[in-house]
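Notes to accompany the following structure.
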Amino acid sequence: MVAVRNVISDLEGSYALAVLWSGAPDALVVARKQAPLIIGLGEGEFICASDTPAIVNFTKIILPLEDEEIALLTPLGIEIYDFNNERQYRNPISLQIADQVSYKKNFKHYMLKEIYDQPDIAKYWLEKYLIKNLETDQFQINYSFDTEFFNSIERIEIVACGTSKHAAMVGKFLLEQFSGIPTNVFYASEFRYSPPPLLPNTLTIGVTQSGETADTIAAISMEIKRRSSIEDTNYKPNLIAITNRIESSIGRLIPNVINISAGIEIGVAATKTFFAQLLSFYGLAIKFSQIKGSQSNENINQLISELTKLPALVEELLEKHNESSEKLAHDFFNIKDVIFLGRGINYPIALEGALKLKEISYIHAAGYPAGEMKHGPIALLDKKVPVISIATPGEVFDKVISNAQEAKARDAYLIGVAPQCNGTEIFDYLMTIPSTNEWISPLLTIIPLQLLSYHIAAHRGLDVDQPRNLAKSVTVE
Ligand code: M6R
């Protein structure tokens with residue numbers, strides 16, 4: 001322990017270390033700085049890892065090391081010290097994870113299994129978070145923290161990376177257009193070095209399924225620090241974390257946690273956690289609308305009623321599209337570029353569709369707001385570049401169809417993610433989705449896109465669950 005302590009005092013940068021010494025084979029010394037390290041308490045054994053999925057099949061009792069801590073693990077127990085050599089005392093915690101979640105069932109890949117988990121996630125979300133108040137007969141969103149502070153919130157800033165940022169962008173749409181709260185979404189990696197000027201009465205939301213993304217944690221920590229240094233209480237940090245790991249670094253940093261409760265996700269490509277993050281934003285939008293009175297009860301009830309149909313709708317989509325997207329994948333597995341278009345609430349879904357495809361199939365894909373095509377990206381189009389347009393009935397439906405027409409005029413093969421309705425005959429191939437209220441459409445349009453990406457990557461014979469160069473938790477800057 002003394003030797004490890006001496007060495008780490010000379011180390012720079014981030015690390016999570018586990019050190020063995022042949023002179024004490026029963027002991028292990030672990031230390032961390034700006035990188036996660038958890039200790040699992042198994043039966044007669046300790047297990048160290050950077051992330052809970054690695055140990056969840058061995059134990060559900062964990063003791064996360066906090067930043068700049070060192071621990072000695074021996075058959076007698078665990079001794080934890082901070083880097084100033086002060087002994088630290090705290091109890092292990094139990095992971096709240098259902099037993100079956102980390103098994104692949106009969107699916108070929110975890111990613112496909114996780115896509116199929118989504119109807120259950122919707123069911124669970126409805127049961128856990130949508131509670132009917134029997135006195136008022138109104139539904140309420142059951143978040144476990146005190147939401148009193150929502151009253152004073154005038155604006156929201158959200159920090160996230162990758163797929164979580166796309167969920168946050170749908171969240172922004174809901175929070176602004178449904179709940180009327182000005183909202184900005186930032187790449188966490190940008191926010192931490194160029195944050196916007198501080199404004200009062202701001203809610204900061206960190207979105208991260210793993211709860212360990214270094215950029216997101218750093219952005220939130222920076223925001224807590226700069227807000228806490230101001231005396232005016234209007235500038236105090238108001239924080240929410242949206243995560244799948246309440247025991248993670250973000251769960252320990254922020255007291256108000258929305259647990260997306262998606263169960264462990266093994267596939268590096270986020271699918272079910274994206275879906276569950278979206279649901280959390282629906283919950284927030286409903287909550288804010290009720291508190292601020294920004295939507296009529298009728299509109300809120302209509303949204304809630306649409307959400308209650310989700311488990312059946314998502315199941316129907318999986319049934320309808322699994323085989324057909326496998327067939328489509330046969331025709332498309334050799335393409336080089338794909339363009340995804342969406343508008344309004346489905347623009348982030350175009351971005352997410354493109355991210356899913358590129359990260360697991362290594363095919364270049366880009367998402368655009370459909371109206372932007374004519375400002376440059378249209379130059380890329382010819383018959384070798386398929387265009388996938390998300391067109392859901394609503395305010396921008398005609399616009400998306402006319403943007404698709406512009407692509408067709410350049411010989412692009414058009415795939416539509418849309419209901420069977422007037423206008424959609426323009427598509428060479430239609431991935432049909434049910435005709436529902438536009439507000440909930442992202443929860444449906446993402447499903448065929450996940451399936452298509454999965455089947456293209458699987459058809460190319462790639463390691464779908466562990467794509468090259470990517471990690472499930474990005475714990476480095
Ligand atoms: O754990 P997080 O949600 O913070 O992860 C953020 C990104 O690293 C993550 O979404 C990444 O883009 C995934 N590979 C997407 O599938």
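By convention here, the chains of the structure tokens are called A, B, ... in the order presented, each chain's residues are numbered starting at 1, and ligands are numbered starting at 1 in the order presented.
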Original post:
If you count only C-alpha atoms, which residues fall within 10 Å of A:Gln450, apart from same-chain ones fewer than 2 positions away, as an MDAnalysis selection string?
Top reply: chainID A and resid 111:112 115 269:272 322 325 352:354 356:357 445:448 452:455
**OP:** Taking the DSSP assignment computed from this structure's backbone, write out as a ChimeraX atom specification all residues of stretch 53-159 of chain A that belong to strand (DSSP E or B).
**Re:** /A:61-64,69-74,77-82,87-88,93-94,130-133,138-141,155-159
With C-alpha atoms retained, could you export that selection as a short mmCIF file (atom, residue, chain, number, x, y, z; two decimals), in the first residue's frame?
data_model
loop_
_atom_site.label_atom_id
_atom_site.label_comp_id
_atom_site.auth_asym_id
_atom_site.auth_seq_id
_atom_site.Cartn_x
_atom_site.Cartn_y
_atom_site.Cartn_z
CA ILE A 61 -23.19 -5.66 -3.72
CA ILE A 62 -20.70 -2.97 -4.60
CA LEU A 63 -18.51 -0.34 -3.03
CA PRO A 64 -17.58 2.37 -5.54
CA GLU A 69 -9.09 7.18 -3.13
CA ILE A 70 -6.92 4.14 -2.55
CA ALA A 71 -8.09 0.86 -1.00
CA LEU A 72 -6.50 -2.26 0.43
CA LEU A 73 -8.46 -5.47 -0.17
CA THR A 74 -7.55 -8.50 1.96
CA GLY A 77 -12.02 -6.76 4.46
CA ILE A 78 -11.64 -3.43 2.71
CA GLU A 79 -9.77 -0.39 4.02
CA ILE A 80 -10.32 2.83 2.11
CA TYR A 81 -8.17 5.98 2.37
CA ASP A 82 -8.20 9.26 0.53
CA ARG A 87 -9.33 6.60 6.51
CA GLN A 88 -12.79 6.68 4.85
CA ILE A 93 -24.64 -0.54 -1.74
CA SER A 94 -26.95 -2.98 -3.49
CA LEU A 130 -47.10 7.28 -14.13
CA ILE A 131 -49.23 7.24 -11.02
CA LYS A 132 -52.90 8.13 -10.83
CA ASN A 133 -53.83 10.44 -7.97
CA GLN A 138 -55.07 13.06 -12.53
CA PHE A 139 -51.91 11.22 -13.50
CA GLN A 140 -48.73 12.36 -11.84
CA ILE A 141 -45.09 11.72 -12.61
CA ARG A 155 -34.66 27.78 -18.21
CA ILE A 156 -32.92 24.47 -18.67
CA GLU A 157 -29.46 23.50 -19.87
CA ILE A 158 -28.70 19.89 -20.74
CA VAL A 159 -25.24 18.35 -21.14
#
For stretch 8-20 of chain A, please output as a CSV table (one decimal) with N, CA, C and O atoms, in the first residue's frame all residues within 9 Å (counting only C-alpha atoms; exclusion window: fewer than 2 positions along the same chain).
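Saved as part-v7.csv:
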chain,number,residue,atom,x,y,z
A,3,ALA,N,3.9,1.5,-1.1
A,3,ALA,CA,4.6,1.6,-2.4
A,3,ALA,C,3.6,2.2,-3.4
A,3,ALA,O,4.0,3.1,-4.2
A,4,VAL,N,2.4,1.7,-3.4
A,4,VAL,CA,1.4,2.2,-4.4
A,4,VAL,C,1.2,3.7,-4.1
A,4,VAL,O,1.2,4.6,-5.0
A,5,ARG,N,1.0,4.1,-2.9
A,5,ARG,CA,0.8,5.5,-2.5
A,5,ARG,C,1.9,6.4,-3.0
A,5,ARG,O,1.7,7.4,-3.6
A,6,ASN,N,3.2,5.9,-2.8
A,6,ASN,CA,4.3,6.6,-3.3
A,6,ASN,C,4.3,6.8,-4.8
A,6,ASN,O,4.7,7.9,-5.3
A,22,SER,N,3.6,-10.1,-5.3
A,22,SER,CA,3.8,-11.6,-5.0
A,22,SER,C,4.1,-11.8,-3.6
A,22,SER,O,3.9,-12.9,-3.0
A,23,GLY,N,4.7,-10.8,-2.9
A,23,GLY,CA,5.0,-10.9,-1.5
A,23,GLY,C,3.7,-10.9,-0.6
A,23,GLY,O,3.8,-11.3,0.6
A,24,ALA,N,2.6,-10.5,-1.1
A,24,ALA,CA,1.3,-10.6,-0.3
A,24,ALA,C,0.2,-11.0,-1.3
A,24,ALA,O,-0.6,-10.2,-1.7
A,25,PRO,N,0.2,-12.3,-1.6
A,25,PRO,CA,-0.7,-12.7,-2.7
A,25,PRO,C,-2.2,-12.6,-2.3
A,25,PRO,O,-3.0,-12.7,-3.2
A,26,ASP,N,-2.5,-12.5,-1.1
A,26,ASP,CA,-3.9,-12.3,-0.7
A,26,ASP,C,-4.4,-10.9,-0.7
A,26,ASP,O,-5.5,-10.6,-0.4
A,27,ALA,N,-3.5,-10.0,-1.0
A,27,ALA,CA,-3.9,-8.6,-1.0
A,27,ALA,C,-3.9,-7.9,-2.4
A,27,ALA,O,-3.2,-8.3,-3.3
A,28,LEU,N,-4.8,-7.0,-2.5
A,28,LEU,CA,-4.9,-6.2,-3.7
A,28,LEU,C,-5.0,-4.7,-3.3
A,28,LEU,O,-5.8,-4.4,-2.4
A,29,VAL,N,-4.2,-3.9,-4.0
A,29,VAL,CA,-4.4,-2.4,-3.7
A,29,VAL,C,-5.0,-1.8,-5.0
A,29,VAL,O,-4.5,-2.0,-6.1
A,30,VAL,N,-6.1,-1.0,-4.8
A,30,VAL,CA,-6.7,-0.3,-5.9
A,30,VAL,C,-6.7,1.2,-5.7
A,30,VAL,O,-6.8,1.6,-4.5
A,31,ALA,N,-6.6,1.9,-6.7
A,31,ALA,CA,-6.6,3.4,-6.6
A,31,ALA,C,-7.2,4.0,-7.8
A,31,ALA,O,-7.2,3.4,-8.9
A,32,ARG,N,-7.9,5.1,-7.7
A,32,ARG,CA,-8.5,5.8,-8.8
A,32,ARG,C,-8.3,7.3,-8.8
A,32,ARG,O,-8.3,7.9,-7.7
A,33,LYS,N,-8.2,7.9,-10.0
A,33,LYS,CA,-8.2,9.3,-10.2
A,33,LYS,C,-8.9,9.6,-11.5
A,33,LYS,O,-8.4,9.2,-12.6
A,34,GLN,N,-10.0,10.3,-11.5
A,34,GLN,CA,-10.8,10.7,-12.6
A,34,GLN,C,-11.1,9.6,-13.6
A,34,GLN,O,-11.3,9.7,-14.8
A,35,ALA,N,-11.2,8.4,-13.1
A,35,ALA,CA,-11.6,7.2,-13.9
A,35,ALA,C,-12.4,6.3,-12.9
A,35,ALA,O,-11.9,6.2,-11.7
A,36,PRO,N,-13.5,5.7,-13.3
A,36,PRO,CA,-14.2,4.9,-12.3
A,36,PRO,C,-13.6,3.6,-11.9
A,36,PRO,O,-12.9,3.0,-12.6
A,37,LEU,N,-13.9,3.2,-10.6
A,37,LEU,CA,-13.4,1.9,-10.1
A,37,LEU,C,-14.4,1.5,-9.1
A,37,LEU,O,-14.6,2.2,-8.1
A,48,CYS,N,-12.9,-6.3,-9.0
A,48,CYS,CA,-12.8,-4.9,-9.3
A,48,CYS,C,-13.0,-4.7,-10.8
A,48,CYS,O,-12.6,-5.5,-11.6
A,49,ALA,N,-13.7,-3.6,-11.1
A,49,ALA,CA,-14.0,-3.3,-12.5
A,49,ALA,C,-14.3,-1.8,-12.6
A,49,ALA,O,-14.4,-1.1,-11.6
A,50,SER,N,-14.3,-1.3,-13.9
A,50,SER,CA,-14.6,0.1,-14.1
A,50,SER,C,-16.1,0.3,-14.2
A,50,SER,O,-16.6,1.4,-14.2
A,83,PHE,N,-6.5,10.4,-0.7
A,83,PHE,CA,-5.0,10.6,-1.1
A,83,PHE,C,-4.3,11.3,0.0
A,83,PHE,O,-3.0,11.4,-0.1
A,476,VAL,N,-12.6,8.4,-20.5
A,476,VAL,CA,-11.5,9.3,-20.7
A,476,VAL,C,-12.0,10.5,-21.5
A,476,VAL,O,-13.0,10.5,-22.1
**OP:** Write out as an MDAnalysis selection string each polymer residue whose atoms come within 9 Å of stretch 385-395 of chain A, counting only C-alpha atoms; drop sequence neighbours fewer than 3 positions from it.
**Re:** chainID A and resid 332 335:344 346:347 349:350 370 380:382 398:401 403:404 407:408 411:419 421 424 427 433 435:438 441 445
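Considering only C-alpha atoms and all ligand atoms, the residues that reside within 7 Å of ligand 1 can be listed as A:Ala160, A:Cys161, A:Gly162, A:Thr163, A:Ser164, A:Val207, A:Thr208, A:Gln209, A:Ser210, A:Gly211, A:Glu212, A:Thr213, A:Thr216, A:Val268, A:Ala269, A:Ala270, A:Thr271, A:Lys356, A:Glu359, A:Leu470, A:Lys472, A:Ser473, A:Val474.
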With all heavy atoms retained, could you export that selection as a short mmCIF file (atom, residue, chain, number, x, y, z; two decimals), in the first residue's frame?
data_model
loop_
_atom_site.label_atom_id
_atom_site.label_comp_id
_atom_site.auth_asym_id
_atom_site.auth_seq_id
_atom_site.Cartn_x
_atom_site.Cartn_y
_atom_site.Cartn_z
N ALA A 160 -24.67 16.41 -22.43
CA ALA A 160 -24.67 14.97 -22.74
C ALA A 160 -23.73 14.72 -23.92
O ALA A 160 -23.25 15.67 -24.55
CB ALA A 160 -26.09 14.52 -23.10
N CYS A 161 -23.49 13.46 -24.21
CA CYS A 161 -22.65 13.08 -25.36
C CYS A 161 -23.38 12.00 -26.17
O CYS A 161 -24.18 11.24 -25.61
CB CYS A 161 -21.33 12.45 -24.90
SG CYS A 161 -20.40 13.46 -23.75
N GLY A 162 -23.03 11.90 -27.44
CA GLY A 162 -23.47 10.79 -28.29
C GLY A 162 -24.98 10.60 -28.30
O GLY A 162 -25.76 11.56 -28.43
N THR A 163 -25.38 9.35 -28.13
CA THR A 163 -26.80 9.01 -28.16
C THR A 163 -27.57 9.76 -27.06
O THR A 163 -28.71 10.19 -27.28
CB THR A 163 -26.95 7.49 -27.99
OG1 THR A 163 -26.50 6.90 -29.21
CG2 THR A 163 -28.37 7.06 -27.73
N SER A 164 -26.94 9.92 -25.90
CA SER A 164 -27.63 10.64 -24.81
C SER A 164 -27.93 12.07 -25.23
O SER A 164 -28.94 12.65 -24.83
CB SER A 164 -26.76 10.65 -23.55
OG SER A 164 -26.62 9.34 -23.08
N VAL A 207 -27.25 14.01 -18.80
CA VAL A 207 -27.86 12.78 -19.32
C VAL A 207 -26.73 11.82 -19.69
O VAL A 207 -25.89 12.14 -20.53
CB VAL A 207 -28.72 13.04 -20.58
CG1 VAL A 207 -29.51 11.80 -20.96
CG2 VAL A 207 -29.65 14.22 -20.36
N THR A 208 -26.69 10.67 -19.08
CA THR A 208 -25.66 9.68 -19.39
C THR A 208 -26.13 8.32 -18.92
O THR A 208 -26.39 8.13 -17.72
CB THR A 208 -24.29 10.05 -18.76
OG1 THR A 208 -23.48 8.87 -18.68
CG2 THR A 208 -24.39 10.65 -17.37
N GLN A 209 -26.25 7.39 -19.86
CA GLN A 209 -26.76 6.07 -19.44
C GLN A 209 -25.78 5.40 -18.48
O GLN A 209 -26.18 4.83 -17.49
CB GLN A 209 -27.11 5.18 -20.64
CG GLN A 209 -25.99 4.74 -21.57
CD GLN A 209 -25.15 3.60 -21.05
OE1 GLN A 209 -25.62 2.82 -20.22
NE2 GLN A 209 -23.92 3.49 -21.52
N SER A 210 -24.49 5.51 -18.76
CA SER A 210 -23.50 4.83 -17.91
C SER A 210 -23.26 5.57 -16.61
O SER A 210 -22.82 4.97 -15.62
CB SER A 210 -22.16 4.72 -18.65
OG SER A 210 -21.64 6.03 -18.87
N GLY A 211 -23.49 6.87 -16.63
CA GLY A 211 -23.21 7.68 -15.45
C GLY A 211 -21.73 7.89 -15.23
O GLY A 211 -21.30 8.44 -14.21
N GLU A 212 -20.91 7.45 -16.20
CA GLU A 212 -19.46 7.54 -16.01
C GLU A 212 -18.76 8.32 -17.10
O GLU A 212 -17.53 8.40 -17.11
CB GLU A 212 -18.84 6.12 -15.96
CG GLU A 212 -19.35 5.23 -14.85
CD GLU A 212 -18.96 5.70 -13.45
OE1 GLU A 212 -18.19 6.67 -13.33
OE2 GLU A 212 -19.46 5.12 -12.48
N THR A 213 -19.50 8.87 -18.06
CA THR A 213 -18.86 9.56 -19.18
C THR A 213 -18.06 10.76 -18.66
O THR A 213 -18.62 11.68 -18.06
CB THR A 213 -19.93 9.99 -20.20
OG1 THR A 213 -20.55 8.81 -20.67
CG2 THR A 213 -19.34 10.74 -21.37
N THR A 216 -19.19 14.35 -19.47
CA THR A 216 -20.45 14.76 -18.85
C THR A 216 -20.24 15.04 -17.36
O THR A 216 -20.74 16.03 -16.82
CB THR A 216 -21.53 13.67 -19.08
OG1 THR A 216 -21.56 13.39 -20.48
CG2 THR A 216 -22.90 14.12 -18.61
N VAL A 268 -22.57 -2.10 -27.10
CA VAL A 268 -21.96 -0.77 -27.03
C VAL A 268 -22.88 0.28 -27.66
O VAL A 268 -22.97 1.41 -27.19
CB VAL A 268 -20.57 -0.79 -27.71
CG1 VAL A 268 -20.06 0.61 -27.98
CG2 VAL A 268 -19.58 -1.54 -26.81
N ALA A 269 -23.59 -0.12 -28.69
CA ALA A 269 -24.54 0.82 -29.31
C ALA A 269 -25.77 0.94 -28.41
O ALA A 269 -26.47 -0.04 -28.17
CB ALA A 269 -24.93 0.31 -30.68
N ALA A 270 -26.00 2.14 -27.94
CA ALA A 270 -27.13 2.35 -27.02
C ALA A 270 -28.45 2.26 -27.79
O ALA A 270 -28.62 2.91 -28.82
CB ALA A 270 -27.01 3.72 -26.37
N THR A 271 -29.35 1.41 -27.33
CA THR A 271 -30.68 1.30 -27.96
C THR A 271 -31.75 1.49 -26.90
O THR A 271 -32.43 2.50 -26.85
CB THR A 271 -30.84 -0.07 -28.67
OG1 THR A 271 -30.51 -1.11 -27.75
CG2 THR A 271 -29.98 -0.15 -29.91
N LYS A 356 -26.29 5.27 -35.10
CA LYS A 356 -26.41 3.80 -34.91
C LYS A 356 -25.78 3.08 -36.09
O LYS A 356 -25.02 2.14 -35.91
CB LYS A 356 -27.88 3.35 -34.83
CG LYS A 356 -28.61 3.39 -33.52
CD LYS A 356 -28.03 2.69 -32.35
CE LYS A 356 -26.89 3.38 -31.72
NZ LYS A 356 -27.04 4.30 -30.68
N GLU A 359 -21.78 3.56 -36.23
CA GLU A 359 -20.93 2.98 -35.17
C GLU A 359 -20.86 1.46 -35.22
O GLU A 359 -19.85 0.88 -34.82
CB GLU A 359 -21.28 3.50 -33.78
CG GLU A 359 -22.60 3.07 -33.22
CD GLU A 359 -22.86 3.65 -31.84
OE1 GLU A 359 -21.92 3.99 -31.12
OE2 GLU A 359 -24.04 3.76 -31.49
N LEU A 470 -14.61 1.50 -29.98
CA LEU A 470 -15.60 2.09 -29.07
C LEU A 470 -15.65 1.36 -27.74
O LEU A 470 -15.36 0.17 -27.67
CB LEU A 470 -17.00 2.03 -29.71
CG LEU A 470 -17.22 2.86 -30.97
CD1 LEU A 470 -18.59 2.58 -31.55
CD2 LEU A 470 -17.10 4.35 -30.63
N LYS A 472 -18.13 0.97 -24.00
CA LYS A 472 -19.47 1.22 -23.48
C LYS A 472 -19.49 2.46 -22.58
O LYS A 472 -20.44 3.23 -22.60
CB LYS A 472 -19.95 -0.02 -22.71
CG LYS A 472 -21.40 0.06 -22.25
CD LYS A 472 -22.37 -0.02 -23.42
CE LYS A 472 -23.77 0.30 -23.03
NZ LYS A 472 -24.60 0.68 -24.20
N SER A 473 -18.47 2.59 -21.75
CA SER A 473 -18.40 3.81 -20.93
C SER A 473 -17.14 4.57 -21.35
O SER A 473 -16.05 4.01 -21.28
CB SER A 473 -18.25 3.48 -19.45
OG SER A 473 -19.32 2.70 -19.04
N VAL A 474 -17.33 5.79 -21.76
CA VAL A 474 -16.17 6.56 -22.22
C VAL A 474 -15.64 7.37 -21.04
O VAL A 474 -16.06 8.51 -20.81
CB VAL A 474 -16.53 7.44 -23.43
CG1 VAL A 474 -15.29 8.14 -23.98
CG2 VAL A 474 -17.16 6.58 -24.53
#
Subject >> Distance of atom CA of A:Phe275 from atom CA of A:Leu313, expressed in Å to one decimal place >> reply: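 Atom-to-atom, atom CA of A:Leu313 and atom CA of A:Phe275 are spaced 13.5 Å apart.
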Subject >> Which of stretch 264-465 of chain A DSSP labels alpha helix (DSSP H), written as a ChimeraX atom specification >> reply: /A:272-292,297-308,310-332,347-361,397-408,442-459
